[in-house]
>>> print(open('model_23.cif').read())   # mmCIF, N, CA and C atoms
data_input
#
loop_
_atom_site.label_atom_id
_atom_site.label_comp_id
_atom_site.auth_asym_id
_atom_site.auth_seq_id
_atom_site.Cartn_x
_atom_site.Cartn_y
_atom_site.Cartn_z
N MET A 167 94.52 94.32 107.28
CA MET A 167 93.76 93.68 106.22
C MET A 167 94.39 93.92 104.85
N PRO A 168 94.76 95.17 104.47
CA PRO A 168 95.29 95.37 103.12
C PRO A 168 96.74 94.90 103.01
N ALA A 169 97.11 94.45 101.82
CA ALA A 169 98.49 94.08 101.55
C ALA A 169 99.30 95.31 101.16
N TRP A 170 98.63 96.31 100.56
CA TRP A 170 99.35 97.47 100.07
C TRP A 170 98.45 98.69 100.05
N THR A 171 98.98 99.83 100.46
CA THR A 171 98.29 101.11 100.38
C THR A 171 99.06 101.98 99.40
N CYS A 172 98.39 102.48 98.38
CA CYS A 172 99.04 103.33 97.38
C CYS A 172 99.54 104.61 98.05
N PRO A 173 100.83 104.92 97.91
CA PRO A 173 101.36 106.13 98.54
C PRO A 173 100.85 107.43 97.91
N GLU A 174 100.32 107.33 96.69
CA GLU A 174 99.82 108.53 96.01
C GLU A 174 98.39 108.88 96.41
N CYS A 175 97.49 107.90 96.38
CA CYS A 175 96.07 108.19 96.63
C CYS A 175 95.58 107.69 97.98
N GLY A 176 96.35 106.82 98.64
CA GLY A 176 95.96 106.32 99.95
C GLY A 176 94.94 105.20 99.93
N ARG A 177 94.56 104.71 98.73
CA ARG A 177 93.60 103.61 98.65
C ARG A 177 94.29 102.29 98.96
N GLN A 178 93.51 101.32 99.44
CA GLN A 178 94.04 100.03 99.85
C GLN A 178 93.72 98.95 98.82
N PHE A 179 94.71 98.05 98.61
CA PHE A 179 94.56 96.98 97.62
C PHE A 179 95.13 95.68 98.17
N ALA A 180 94.68 94.56 97.59
CA ALA A 180 95.13 93.24 98.04
C ALA A 180 96.53 92.93 97.56
N ARG A 181 96.92 93.48 96.39
CA ARG A 181 98.24 93.18 95.81
C ARG A 181 99.13 94.42 95.81
N THR A 182 100.40 94.23 96.08
CA THR A 182 101.37 95.32 96.04
C THR A 182 101.45 95.90 94.64
N ARG A 183 101.42 97.22 94.57
CA ARG A 183 101.50 97.98 93.32
C ARG A 183 100.41 97.58 92.32
N GLN A 184 99.25 97.24 92.83
CA GLN A 184 98.13 96.87 91.96
C GLN A 184 97.75 98.06 91.08
N GLY A 185 97.53 97.78 89.81
CA GLY A 185 97.11 98.82 88.90
C GLY A 185 95.74 99.37 89.28
N HIS A 186 95.59 100.68 89.18
CA HIS A 186 94.32 101.31 89.52
C HIS A 186 94.32 102.75 89.02
N GLU A 187 93.14 103.35 88.96
CA GLU A 187 93.06 104.77 88.68
C GLU A 187 93.38 105.47 89.99
N CYS A 188 94.44 106.20 90.01
CA CYS A 188 94.95 106.78 91.25
C CYS A 188 94.13 108.03 91.60
N ALA A 189 93.02 107.80 92.25
CA ALA A 189 92.15 108.88 92.70
C ALA A 189 91.83 108.62 94.17
N PRO A 190 91.99 109.61 95.00
CA PRO A 190 91.75 109.37 96.43
C PRO A 190 90.29 109.04 96.72
N ALA A 191 90.11 108.19 97.72
CA ALA A 191 88.75 107.88 98.17
C ALA A 191 88.17 109.10 98.87
N MET A 192 86.85 109.17 98.86
CA MET A 192 86.14 110.24 99.56
C MET A 192 85.72 109.72 100.92
N THR A 193 85.19 110.60 101.75
CA THR A 193 84.52 110.13 102.96
C THR A 193 83.11 109.72 102.55
N LEU A 194 82.46 108.92 103.37
CA LEU A 194 81.07 108.55 103.08
C LEU A 194 80.17 109.79 103.03
N GLU A 195 80.44 110.74 103.91
CA GLU A 195 79.63 111.96 103.93
C GLU A 195 79.78 112.72 102.62
N GLU A 196 81.01 112.83 102.11
CA GLU A 196 81.23 113.51 100.83
C GLU A 196 80.51 112.77 99.70
N TYR A 197 80.64 111.45 99.70
CA TYR A 197 80.03 110.66 98.65
C TYR A 197 78.50 110.82 98.64
N PHE A 198 77.87 110.65 99.79
CA PHE A 198 76.41 110.68 99.85
C PHE A 198 75.84 112.09 99.74
N SER A 199 76.65 113.12 99.86
CA SER A 199 76.14 114.49 99.78
C SER A 199 75.70 114.87 98.37
N THR A 200 76.13 114.13 97.36
CA THR A 200 75.82 114.50 95.98
C THR A 200 74.88 113.54 95.26
N GLY A 201 74.62 112.38 95.82
CA GLY A 201 73.81 111.38 95.11
C GLY A 201 72.35 111.39 95.52
N PRO A 202 71.55 110.55 94.85
CA PRO A 202 70.14 110.44 95.20
C PRO A 202 69.97 109.81 96.59
N ALA A 203 68.89 110.18 97.25
CA ALA A 203 68.62 109.73 98.62
C ALA A 203 68.51 108.22 98.74
N ARG A 204 68.12 107.52 97.66
CA ARG A 204 67.93 106.06 97.74
C ARG A 204 69.24 105.31 97.96
N GLU A 205 70.38 105.93 97.65
CA GLU A 205 71.66 105.23 97.76
C GLU A 205 72.02 104.85 99.19
N ARG A 206 71.85 105.74 100.13
CA ARG A 206 72.31 105.50 101.50
C ARG A 206 71.63 104.30 102.14
N PRO A 207 70.28 104.18 102.07
CA PRO A 207 69.66 103.00 102.69
C PRO A 207 70.09 101.67 102.06
N ILE A 208 70.36 101.68 100.76
CA ILE A 208 70.86 100.46 100.10
C ILE A 208 72.26 100.15 100.60
N TYR A 209 73.12 101.16 100.65
CA TYR A 209 74.46 100.98 101.20
C TYR A 209 74.37 100.43 102.62
N ASP A 210 73.53 101.05 103.45
CA ASP A 210 73.42 100.62 104.85
C ASP A 210 73.01 99.16 104.96
N ALA A 211 72.10 98.70 104.11
CA ALA A 211 71.65 97.30 104.14
C ALA A 211 72.78 96.36 103.74
N VAL A 212 73.51 96.70 102.69
CA VAL A 212 74.63 95.87 102.24
C VAL A 212 75.73 95.87 103.30
N ARG A 213 76.06 97.04 103.80
CA ARG A 213 77.14 97.16 104.79
C ARG A 213 76.80 96.41 106.08
N ALA A 214 75.56 96.49 106.54
CA ALA A 214 75.17 95.79 107.77
C ALA A 214 75.39 94.30 107.63
N HIS A 215 75.05 93.75 106.46
CA HIS A 215 75.25 92.31 106.28
C HIS A 215 76.75 91.98 106.25
N LEU A 216 77.52 92.75 105.49
CA LEU A 216 78.95 92.47 105.40
C LEU A 216 79.63 92.62 106.76
N ASP A 217 79.22 93.62 107.54
CA ASP A 217 79.79 93.79 108.89
C ASP A 217 79.50 92.59 109.78
N SER A 218 78.39 91.90 109.54
CA SER A 218 78.07 90.73 110.34
C SER A 218 79.00 89.55 110.03
N LEU A 219 79.70 89.64 108.88
CA LEU A 219 80.60 88.56 108.46
C LEU A 219 82.03 88.77 108.94
N GLY A 220 82.42 90.02 109.14
CA GLY A 220 83.79 90.32 109.54
C GLY A 220 84.18 91.71 109.07
N PRO A 221 85.47 92.03 109.18
CA PRO A 221 85.92 93.38 108.82
C PRO A 221 85.78 93.66 107.32
N VAL A 222 85.39 94.89 107.01
CA VAL A 222 85.22 95.34 105.64
C VAL A 222 85.84 96.73 105.52
N HIS A 223 86.64 96.92 104.50
CA HIS A 223 87.18 98.24 104.20
C HIS A 223 86.31 98.88 103.13
N VAL A 224 85.84 100.09 103.36
CA VAL A 224 84.93 100.78 102.45
C VAL A 224 85.67 101.94 101.78
N GLU A 225 85.60 101.98 100.44
CA GLU A 225 86.22 103.06 99.67
C GLU A 225 85.18 103.73 98.77
N PRO A 226 84.66 104.88 99.20
CA PRO A 226 83.79 105.64 98.30
C PRO A 226 84.67 106.43 97.32
N VAL A 227 84.43 106.25 96.05
CA VAL A 227 85.13 106.99 95.00
C VAL A 227 84.07 107.60 94.09
N SER A 228 84.48 108.38 93.13
CA SER A 228 83.50 109.13 92.33
C SER A 228 82.51 108.23 91.59
N VAL A 229 82.88 107.02 91.23
CA VAL A 229 81.99 106.14 90.45
C VAL A 229 81.12 105.23 91.31
N GLY A 230 81.39 105.14 92.61
CA GLY A 230 80.61 104.27 93.47
C GLY A 230 81.36 103.93 94.74
N ILE A 231 80.91 102.88 95.39
CA ILE A 231 81.51 102.46 96.66
C ILE A 231 82.06 101.04 96.49
N PHE A 232 83.35 100.87 96.82
CA PHE A 232 83.99 99.57 96.77
C PHE A 232 84.10 99.06 98.21
N MET A 233 83.78 97.77 98.40
CA MET A 233 83.89 97.15 99.72
C MET A 233 84.84 95.97 99.60
N LYS A 234 85.87 95.97 100.46
CA LYS A 234 86.96 94.99 100.35
C LYS A 234 87.18 94.27 101.67
N ALA A 235 87.73 93.02 101.55
CA ALA A 235 88.00 92.22 102.75
C ALA A 235 89.08 91.16 102.54
N PRO A 236 90.28 91.30 102.22
CA PRO A 236 90.94 92.50 101.71
C PRO A 236 90.70 92.70 100.21
N ARG A 237 90.40 91.61 99.48
CA ARG A 237 90.09 91.78 98.06
C ARG A 237 88.67 92.31 97.91
N LEU A 238 88.34 92.75 96.72
CA LEU A 238 87.04 93.32 96.45
C LEU A 238 85.93 92.31 96.73
N VAL A 239 84.97 92.68 97.56
CA VAL A 239 83.79 91.87 97.84
C VAL A 239 82.67 92.28 96.90
N CYS A 240 82.41 93.59 96.85
CA CYS A 240 81.33 94.08 96.00
C CYS A 240 81.52 95.56 95.70
N GLN A 241 80.76 96.01 94.73
CA GLN A 241 80.71 97.42 94.35
C GLN A 241 79.26 97.86 94.33
N LEU A 242 79.02 99.08 94.74
CA LEU A 242 77.71 99.71 94.59
C LEU A 242 77.90 100.90 93.67
N ARG A 243 77.23 100.88 92.53
CA ARG A 243 77.36 101.97 91.57
C ARG A 243 75.99 102.57 91.27
N PRO A 244 75.86 103.88 91.46
CA PRO A 244 74.56 104.52 91.23
C PRO A 244 74.22 104.58 89.74
N MET A 245 72.98 104.24 89.45
CA MET A 245 72.44 104.36 88.10
C MET A 245 71.25 105.30 88.16
N THR A 246 70.61 105.54 87.03
CA THR A 246 69.50 106.49 87.00
C THR A 246 68.34 106.07 87.90
N ARG A 247 67.94 104.78 87.84
CA ARG A 247 66.77 104.34 88.59
C ARG A 247 67.07 103.29 89.68
N TRP A 248 68.32 102.91 89.84
CA TRP A 248 68.68 101.89 90.83
C TRP A 248 70.15 102.04 91.19
N VAL A 249 70.59 101.18 92.09
CA VAL A 249 72.01 101.05 92.43
C VAL A 249 72.42 99.66 91.96
N ALA A 250 73.46 99.59 91.14
CA ALA A 250 73.96 98.31 90.64
C ALA A 250 74.92 97.72 91.66
N LEU A 251 74.57 96.55 92.18
CA LEU A 251 75.43 95.80 93.09
C LEU A 251 76.16 94.76 92.27
N SER A 252 77.48 94.82 92.24
CA SER A 252 78.25 93.81 91.51
C SER A 252 79.15 93.06 92.48
N PHE A 253 79.35 91.78 92.20
CA PHE A 253 80.13 90.90 93.06
C PHE A 253 80.54 89.68 92.25
N SER A 254 81.52 88.94 92.77
CA SER A 254 81.99 87.71 92.11
C SER A 254 81.86 86.53 93.06
N VAL A 255 81.39 85.42 92.51
CA VAL A 255 81.30 84.16 93.26
C VAL A 255 81.86 83.03 92.40
N ASP A 256 82.01 81.87 92.98
CA ASP A 256 82.64 80.74 92.30
C ASP A 256 81.72 79.96 91.36
N ARG A 257 80.51 80.45 91.14
CA ARG A 257 79.56 79.73 90.30
C ARG A 257 78.70 80.73 89.54
N VAL A 258 78.02 80.25 88.54
CA VAL A 258 77.06 81.08 87.80
C VAL A 258 75.73 81.05 88.55
N LEU A 259 75.22 82.21 88.86
CA LEU A 259 73.94 82.31 89.54
C LEU A 259 72.82 82.39 88.50
N THR A 260 71.76 81.66 88.74
CA THR A 260 70.59 81.73 87.86
C THR A 260 69.43 82.25 88.67
N ASP A 261 69.16 83.51 88.53
CA ASP A 261 68.09 84.17 89.25
C ASP A 261 67.62 85.32 88.36
N PRO A 262 66.33 85.56 88.27
CA PRO A 262 65.85 86.62 87.38
C PRO A 262 66.34 88.02 87.77
N ARG A 263 66.83 88.17 88.99
CA ARG A 263 67.35 89.49 89.40
C ARG A 263 68.75 89.77 88.88
N ILE A 264 69.45 88.75 88.40
CA ILE A 264 70.77 88.99 87.80
C ILE A 264 70.53 89.78 86.52
N SER A 265 71.00 91.03 86.50
CA SER A 265 70.61 91.95 85.42
C SER A 265 71.51 91.92 84.20
N ARG A 266 72.68 91.33 84.32
CA ARG A 266 73.58 91.21 83.18
C ARG A 266 74.09 89.79 83.09
N LYS A 267 74.49 89.42 81.91
CA LYS A 267 75.04 88.08 81.71
C LYS A 267 76.27 87.91 82.60
N PRO A 268 76.33 86.83 83.42
CA PRO A 268 77.52 86.60 84.24
C PRO A 268 78.78 86.48 83.37
N ILE A 269 79.85 87.10 83.83
CA ILE A 269 81.10 87.14 83.08
C ILE A 269 82.18 86.42 83.88
N PRO A 270 82.91 85.48 83.24
CA PRO A 270 84.01 84.84 83.96
C PRO A 270 85.15 85.84 84.17
N TYR A 271 85.72 85.80 85.38
CA TYR A 271 86.81 86.72 85.71
C TYR A 271 87.67 86.09 86.80
N SER A 272 88.91 85.80 86.49
CA SER A 272 89.89 85.26 87.45
C SER A 272 89.37 84.05 88.21
N GLY A 273 88.75 83.11 87.50
CA GLY A 273 88.28 81.89 88.14
C GLY A 273 86.95 82.02 88.86
N ARG A 274 86.36 83.19 88.80
CA ARG A 274 85.05 83.42 89.42
C ARG A 274 84.10 83.98 88.38
N TRP A 275 82.84 84.17 88.79
CA TRP A 275 81.82 84.72 87.90
C TRP A 275 81.34 86.05 88.45
N PHE A 276 81.43 87.08 87.63
CA PHE A 276 81.04 88.44 87.98
C PHE A 276 79.55 88.61 87.68
N HIS A 277 78.78 89.06 88.67
CA HIS A 277 77.33 89.23 88.56
C HIS A 277 76.92 90.65 88.94
N VAL A 278 75.78 91.08 88.42
CA VAL A 278 75.21 92.39 88.76
C VAL A 278 73.74 92.22 89.09
N VAL A 279 73.32 92.84 90.20
CA VAL A 279 71.92 92.87 90.62
C VAL A 279 71.55 94.34 90.80
N ASN A 280 70.41 94.74 90.25
CA ASN A 280 69.94 96.11 90.39
C ASN A 280 69.06 96.22 91.64
N LEU A 281 69.43 97.13 92.53
CA LEU A 281 68.70 97.32 93.78
C LEU A 281 67.99 98.67 93.75
N THR A 282 66.69 98.66 94.00
CA THR A 282 65.93 99.91 94.02
C THR A 282 65.68 100.42 95.43
N GLY A 283 65.91 99.57 96.42
CA GLY A 283 65.73 99.96 97.82
C GLY A 283 66.34 98.93 98.73
N PRO A 284 66.41 99.22 100.03
CA PRO A 284 67.05 98.30 100.97
C PRO A 284 66.33 96.96 101.10
N ASP A 285 65.03 96.92 100.81
CA ASP A 285 64.30 95.65 100.88
C ASP A 285 64.76 94.66 99.81
N ASP A 286 65.40 95.15 98.76
CA ASP A 286 65.94 94.26 97.73
C ASP A 286 67.13 93.45 98.24
N VAL A 287 67.72 93.87 99.36
CA VAL A 287 68.83 93.13 99.97
C VAL A 287 68.18 92.07 100.87
N ASP A 288 67.66 91.02 100.21
CA ASP A 288 66.93 89.96 100.90
C ASP A 288 67.85 88.78 101.20
N ASP A 289 67.26 87.67 101.62
CA ASP A 289 68.07 86.50 101.99
C ASP A 289 68.94 86.01 100.85
N ALA A 290 68.41 86.00 99.63
CA ALA A 290 69.21 85.53 98.48
C ALA A 290 70.40 86.45 98.24
N VAL A 291 70.17 87.75 98.23
CA VAL A 291 71.26 88.70 98.00
C VAL A 291 72.28 88.62 99.13
N ARG A 292 71.81 88.51 100.36
CA ARG A 292 72.74 88.37 101.49
C ARG A 292 73.55 87.08 101.35
N GLY A 293 72.93 86.01 100.86
CA GLY A 293 73.67 84.77 100.63
C GLY A 293 74.76 84.94 99.59
N TRP A 294 74.45 85.64 98.50
CA TRP A 294 75.46 85.90 97.46
C TRP A 294 76.58 86.78 97.99
N LEU A 295 76.22 87.77 98.81
CA LEU A 295 77.25 88.63 99.40
C LEU A 295 78.14 87.84 100.36
N THR A 296 77.56 86.88 101.06
CA THR A 296 78.36 86.02 101.95
C THR A 296 79.34 85.21 101.12
N GLU A 297 78.90 84.64 100.01
CA GLU A 297 79.80 83.89 99.12
C GLU A 297 80.92 84.80 98.61
N ALA A 298 80.57 86.02 98.21
CA ALA A 298 81.57 86.95 97.68
C ALA A 298 82.56 87.35 98.77
N TYR A 299 82.07 87.53 99.99
CA TYR A 299 82.95 87.89 101.11
C TYR A 299 83.95 86.76 101.38
N LEU A 300 83.45 85.53 101.45
CA LEU A 300 84.33 84.39 101.71
C LEU A 300 85.35 84.21 100.58
N ALA A 301 84.92 84.43 99.34
CA ALA A 301 85.85 84.34 98.20
C ALA A 301 86.93 85.41 98.28
N ALA A 302 86.58 86.59 98.81
CA ALA A 302 87.56 87.68 98.92
C ALA A 302 88.63 87.39 99.96
N LEU A 303 88.34 86.47 100.86
CA LEU A 303 89.31 86.10 101.91
C LEU A 303 90.33 85.07 101.41
N GLU A 304 90.02 84.39 100.30
CA GLU A 304 90.90 83.31 99.81
C GLU A 304 92.20 83.86 99.27
#
>>> encode(input="model_23.cif", output="C-alpha coordinates")
Amino acid sequence: MPAWTCPECGRQFARTRQGHECAPAMTLEEYFSTGPARERPIYDAVRAHLDSLGPVHVEPVSVGIFMKAPRLVCQLRPMTRWVALSFSVDRVLTDPRISRKPIPYSGRWFHVVNLTGPDDVDDAVRGWLTEAYLAALE
(Lines of atoms letter the chains of each structure in order from A and count residues from 1; the text may use other names and numbers.)
(Lines give C-alpha, C1' and ligand atoms only; values in the text may rest on other atoms or scores of the structure.)
Protein backbone atom coordinates (compact mmCIF):
# COMPACT_ATOMS: atom_id res chain seq x y z
CA MET A 1 0.00 0.00 0.00
CA PRO A 2 2.65 2.66 0.88
CA ALA A 3 4.85 4.20 -1.79
CA TRP A 4 7.60 5.02 0.69
CA THR A 5 8.63 4.17 4.25
CA CYS A 6 10.89 6.69 5.99
CA PRO A 7 14.15 4.91 6.90
CA GLU A 8 14.53 7.10 10.00
CA CYS A 9 11.15 6.81 11.73
CA GLY A 10 9.55 3.87 9.90
CA ARG A 11 6.33 5.76 9.09
CA GLN A 12 4.60 5.17 5.76
CA PHE A 13 3.73 7.84 3.19
CA ALA A 14 2.14 8.02 -0.26
CA ARG A 15 5.02 10.01 -1.79
CA THR A 16 8.73 9.21 -1.78
CA ARG A 17 10.69 11.43 0.63
CA GLN A 18 7.49 13.18 1.72
CA GLY A 19 8.15 15.93 4.22
CA HIS A 20 7.07 15.08 7.75
CA GLU A 21 8.01 15.40 11.40
CA CYS A 22 10.27 12.41 11.75
CA ALA A 23 8.85 10.81 14.88
CA PRO A 24 8.22 7.09 15.11
CA ALA A 25 4.66 5.85 15.35
CA MET A 26 3.56 4.26 18.61
CA THR A 27 1.63 1.04 19.05
CA LEU A 28 -2.09 1.43 19.64
CA GLU A 29 -1.59 0.11 23.17
CA GLU A 30 1.03 2.79 23.89
CA TYR A 31 -1.16 5.50 22.43
CA PHE A 32 -4.33 4.56 24.31
CA SER A 33 -2.51 4.00 27.63
CA THR A 34 -2.20 7.76 28.20
CA GLY A 35 -5.40 9.27 26.83
CA PRO A 36 -8.98 9.60 28.06
CA ALA A 37 -11.13 6.46 27.96
CA ARG A 38 -13.54 7.99 25.40
CA GLU A 39 -10.89 7.87 22.65
CA ARG A 40 -10.77 4.10 22.12
CA PRO A 41 -14.49 3.54 21.40
CA ILE A 42 -14.46 6.44 18.91
CA TYR A 43 -11.36 5.02 17.23
CA ASP A 44 -12.96 1.56 17.13
CA ALA A 45 -16.11 2.94 15.43
CA VAL A 46 -14.11 4.85 12.80
CA ARG A 47 -11.72 1.95 12.22
CA ALA A 48 -14.54 -0.61 11.86
CA HIS A 49 -16.11 1.44 9.09
CA LEU A 50 -12.83 2.02 7.27
CA ASP A 51 -11.94 -1.68 7.53
CA SER A 52 -15.23 -2.47 5.80
CA LEU A 53 -14.01 -0.43 2.81
CA GLY A 54 -10.58 -2.01 2.39
CA PRO A 55 -7.06 -1.97 3.82
CA VAL A 56 -6.11 0.87 6.16
CA HIS A 57 -2.71 1.66 7.62
CA VAL A 58 -2.95 3.11 11.15
CA GLU A 59 -0.25 5.36 12.62
CA PRO A 60 -0.68 6.43 16.23
CA VAL A 61 1.66 9.36 16.96
CA SER A 62 1.85 11.73 19.90
CA VAL A 63 -0.72 14.19 18.46
CA GLY A 64 -3.33 11.64 17.36
CA ILE A 65 -4.03 8.75 15.03
CA PHE A 66 -3.53 8.96 11.26
CA MET A 67 -5.36 6.48 9.01
CA LYS A 68 -4.06 6.01 5.46
CA ALA A 69 -5.05 4.06 2.34
CA PRO A 70 -2.29 4.83 1.06
CA ARG A 71 -2.84 8.60 1.32
CA LEU A 72 -4.31 10.13 4.44
CA VAL A 73 -7.99 9.23 4.89
CA CYS A 74 -8.56 10.84 8.27
CA GLN A 75 -7.04 11.92 11.55
CA LEU A 76 -8.35 11.51 15.07
CA ARG A 77 -6.97 14.12 17.45
CA PRO A 78 -7.88 14.21 21.14
CA MET A 79 -9.25 17.46 22.51
CA THR A 80 -10.39 18.37 26.01
CA ARG A 81 -14.05 17.37 25.57
CA TRP A 82 -14.11 15.45 22.27
CA VAL A 83 -12.04 13.80 19.56
CA ALA A 84 -11.62 15.89 16.40
CA LEU A 85 -12.11 13.80 13.26
CA SER A 86 -10.60 15.50 10.22
CA PHE A 87 -10.83 14.34 6.61
CA SER A 88 -10.85 15.69 3.05
CA VAL A 89 -13.49 15.21 0.37
CA ASP A 90 -14.07 16.65 -3.10
CA ARG A 91 -16.87 19.00 -2.01
CA VAL A 92 -17.85 21.39 0.74
CA LEU A 93 -20.05 19.69 3.30
CA THR A 94 -22.88 21.67 4.84
CA ASP A 95 -23.86 20.06 8.11
CA PRO A 96 -24.13 21.63 11.56
CA ARG A 97 -21.65 19.05 12.89
CA ILE A 98 -18.83 20.48 10.76
CA SER A 99 -17.03 22.32 13.54
CA ARG A 100 -14.61 24.45 11.53
CA LYS A 101 -14.85 26.33 8.28
CA PRO A 102 -13.97 23.92 5.42
CA ILE A 103 -10.53 24.73 4.02
CA PRO A 104 -9.48 24.06 0.41
CA TYR A 105 -6.41 21.82 0.24
CA SER A 106 -4.90 20.16 -2.85
CA GLY A 107 -8.14 20.16 -4.83
CA ARG A 108 -10.20 18.86 -1.91
CA TRP A 109 -11.96 20.36 1.11
CA PHE A 110 -10.63 19.70 4.61
CA HIS A 111 -13.37 19.24 7.25
CA VAL A 112 -13.46 18.65 11.01
CA VAL A 113 -16.22 16.97 13.03
CA ASN A 114 -16.10 16.78 16.84
CA LEU A 115 -16.99 13.32 18.16
CA THR A 116 -17.93 12.84 21.81
CA GLY A 117 -18.65 9.11 21.57
CA PRO A 118 -18.92 6.20 19.13
CA ASP A 119 -22.61 6.93 18.47
CA ASP A 120 -21.52 10.15 16.74
CA VAL A 121 -20.06 7.95 13.97
CA ASP A 122 -23.48 7.70 12.31
CA ASP A 123 -24.55 7.14 8.71
CA ALA A 124 -23.59 10.67 7.64
CA VAL A 125 -20.12 10.47 9.18
CA ARG A 126 -19.59 7.00 7.72
CA GLY A 127 -20.62 8.38 4.32
CA TRP A 128 -18.05 11.19 4.60
CA LEU A 129 -15.39 8.69 5.66
CA THR A 130 -16.26 6.56 2.63
CA GLU A 131 -15.77 9.60 0.37
CA ALA A 132 -12.45 10.38 2.07
CA TYR A 133 -11.31 6.75 1.72
CA LEU A 134 -12.13 6.66 -2.00
CA ALA A 135 -10.37 10.01 -2.51
CA ALA A 136 -7.27 8.63 -0.77
CA LEU A 137 -7.10 5.84 -3.35
CA GLU A 138 -6.97 8.26 -6.32
>>> residues_near_point(input="model_23.cif", point="(79.0, 83.6, 87.5)", cutoff="10 Å", atoms="only C-alpha atoms", output="list in words")
Phe253, Ser254, Val255, Asp256, Arg257, Val258, Leu259, Thr260, Ile264, Lys267, Pro268, Ile269, Pro270, Tyr271, Gly273, Arg274, Trp275, Phe276, His277 and Val278 of chain A
>>> resolve_selection(input="model_23.cif", expression="the PyMOL selection byres (((chain A and resi 221-227 and name CA) around 8) and name CA)", output="list in words")
Arg177, Ala189, Pro190, Ala191, Met192, Thr193, Leu194, Tyr197, Leu216, Asp217, Leu219, Gly220, Ser228, Val229, Gly230, Ile231, Phe232, Met233, Lys234, Ala235 and Pro236 of chain A
>>> atom_distance(input="model_23.cif", atom1="atom C of A:Glu195", atom2="atom CA of A:Ala214")
18.3 Å
>>> closest_residue(input="model_23.cif", among="A:Cys240, A:His215, A:Tyr209, A:Ala250", to="A:Arg292", atoms="only N, CA and C atoms")
A:His215
>>> residues_around(input="model_23.cif", residues="A:Trp248", least_positions_apart="4", cutoff="7 Å", atoms="all atoms listed in the file", output="PyMOL selection string")
chain A and resi 243-244+280-283
>>> write_last_selection(input="model_23.cif", atoms="N, CA and C atoms", output="mmCIF file, in the coordinates of the input")
data_model
loop_
_atom_site.group_PDB
_atom_site.id
_atom_site.type_symbol
_atom_site.label_atom_id
_atom_site.label_comp_id
_atom_site.auth_asym_id
_atom_site.auth_seq_id
_atom_site.Cartn_x
_atom_site.Cartn_y
_atom_site.Cartn_z
ATOM 1 N N ARG A 243 77.230 100.880 92.530
ATOM 2 C CA ARG A 243 77.360 101.970 91.570
ATOM 3 C C ARG A 243 75.990 102.570 91.270
ATOM 4 N N PRO A 244 75.860 103.880 91.460
ATOM 5 C CA PRO A 244 74.560 104.520 91.230
ATOM 6 C C PRO A 244 74.220 104.580 89.740
ATOM 7 N N ASN A 280 70.410 94.740 90.250
ATOM 8 C CA ASN A 280 69.940 96.110 90.390
ATOM 9 C C ASN A 280 69.060 96.220 91.640
ATOM 10 N N LEU A 281 69.430 97.130 92.530
ATOM 11 C CA LEU A 281 68.700 97.320 93.780
ATOM 12 C C LEU A 281 67.990 98.670 93.750
ATOM 13 N N THR A 282 66.690 98.660 94.000
ATOM 14 C CA THR A 282 65.930 99.910 94.020
ATOM 15 C C THR A 282 65.680 100.420 95.430
ATOM 16 N N GLY A 283 65.910 99.570 96.420
ATOM 17 C CA GLY A 283 65.730 99.960 97.820
ATOM 18 C C GLY A 283 66.340 98.930 98.730
#
>>> resolve_selection(input="model_23.cif", expression="the PyMOL selection byres ((chain A and resi 208) around 8)", output="tab-separated table (two decimals) with N, CA and C atoms, in the coordinates of the input")
chain	number	residue	atom	x	y	z
A	203	ALA	N	68.89	110.18	97.25
A	203	ALA	CA	68.62	109.73	98.62
A	203	ALA	C	68.51	108.22	98.74
A	204	ARG	N	68.12	107.52	97.66
A	204	ARG	CA	67.93	106.06	97.74
A	204	ARG	C	69.24	105.31	97.96
A	205	GLU	N	70.38	105.93	97.65
A	205	GLU	CA	71.66	105.23	97.76
A	205	GLU	C	72.02	104.85	99.19
A	206	ARG	N	71.85	105.74	100.13
A	206	ARG	CA	72.31	105.50	101.50
A	206	ARG	C	71.63	104.30	102.14
A	207	PRO	N	70.28	104.18	102.07
A	207	PRO	CA	69.66	103.00	102.69
A	207	PRO	C	70.09	101.67	102.06
A	209	TYR	N	73.12	101.16	100.65
A	209	TYR	CA	74.46	100.98	101.20
A	209	TYR	C	74.37	100.43	102.62
A	210	ASP	N	73.53	101.05	103.45
A	210	ASP	CA	73.42	100.62	104.85
A	210	ASP	C	73.01	99.16	104.96
A	211	ALA	N	72.10	98.70	104.11
A	211	ALA	CA	71.65	97.30	104.14
A	211	ALA	C	72.78	96.36	103.74
A	212	VAL	N	73.51	96.70	102.69
A	212	VAL	CA	74.63	95.87	102.24
A	212	VAL	C	75.73	95.87	103.30
A	213	ARG	N	76.06	97.04	103.80
A	213	ARG	CA	77.14	97.16	104.79
A	213	ARG	C	76.80	96.41	106.08
A	214	ALA	N	75.56	96.49	106.54
A	214	ALA	CA	75.17	95.79	107.77
A	214	ALA	C	75.39	94.30	107.63
A	249	VAL	N	70.59	101.18	92.09
A	249	VAL	CA	72.01	101.05	92.43
A	249	VAL	C	72.42	99.66	91.96
A	281	LEU	N	69.43	97.13	92.53
A	281	LEU	CA	68.70	97.32	93.78
A	281	LEU	C	67.99	98.67	93.75
A	282	THR	N	66.69	98.66	94.00
A	282	THR	CA	65.93	99.91	94.02
A	282	THR	C	65.68	100.42	95.43
A	283	GLY	N	65.91	99.57	96.42
A	283	GLY	CA	65.73	99.96	97.82
A	283	GLY	C	66.34	98.93	98.73
A	284	PRO	N	66.41	99.22	100.03
A	284	PRO	CA	67.05	98.30	100.97
A	284	PRO	C	66.33	96.96	101.10
A	285	ASP	N	65.03	96.92	100.81
A	285	ASP	CA	64.30	95.65	100.88
A	285	ASP	C	64.76	94.66	99.81
A	286	ASP	N	65.40	95.15	98.76
A	286	ASP	CA	65.94	94.26	97.73
A	286	ASP	C	67.13	93.45	98.24
A	287	VAL	N	67.72	93.87	99.36
A	287	VAL	CA	68.83	93.13	99.97
A	287	VAL	C	68.18	92.07	100.87
>>> atom_distance(input="model_23.cif", atom1="atom CA of A:Arg247", atom2="atom CA of A:Val279")
12.7 Å
>>> atom_distance(input="model_23.cif", atom1="atom CA of A:Ala298", atom2="atom CA of A:Phe198")
24.4 Å
>>> select_by_dssp(input="model_23.cif", residues="stretch 182-234 of chain A", states="strand (DSSP E)", output="VMD selection string")
chain A and resid 223 to 227 230 to 234
>>> closest_residue(input="model_23.cif", among="A:Arg237, A:Leu251, A:Tyr299, A:Trp294", to="A:Ala169", atoms="only N, CA and C atoms")
A:Arg237
>>> axis_aligned_box(input="model_23.cif", around="stretch 273-278 of chain A", padding_each_side="8 Å", output="lines of an AutoDock Vina configuration file")
center_x = 81.2
center_y = 87.1
center_z = 88.5
size_x = 31.0
size_y = 26.5
size_z = 17.9
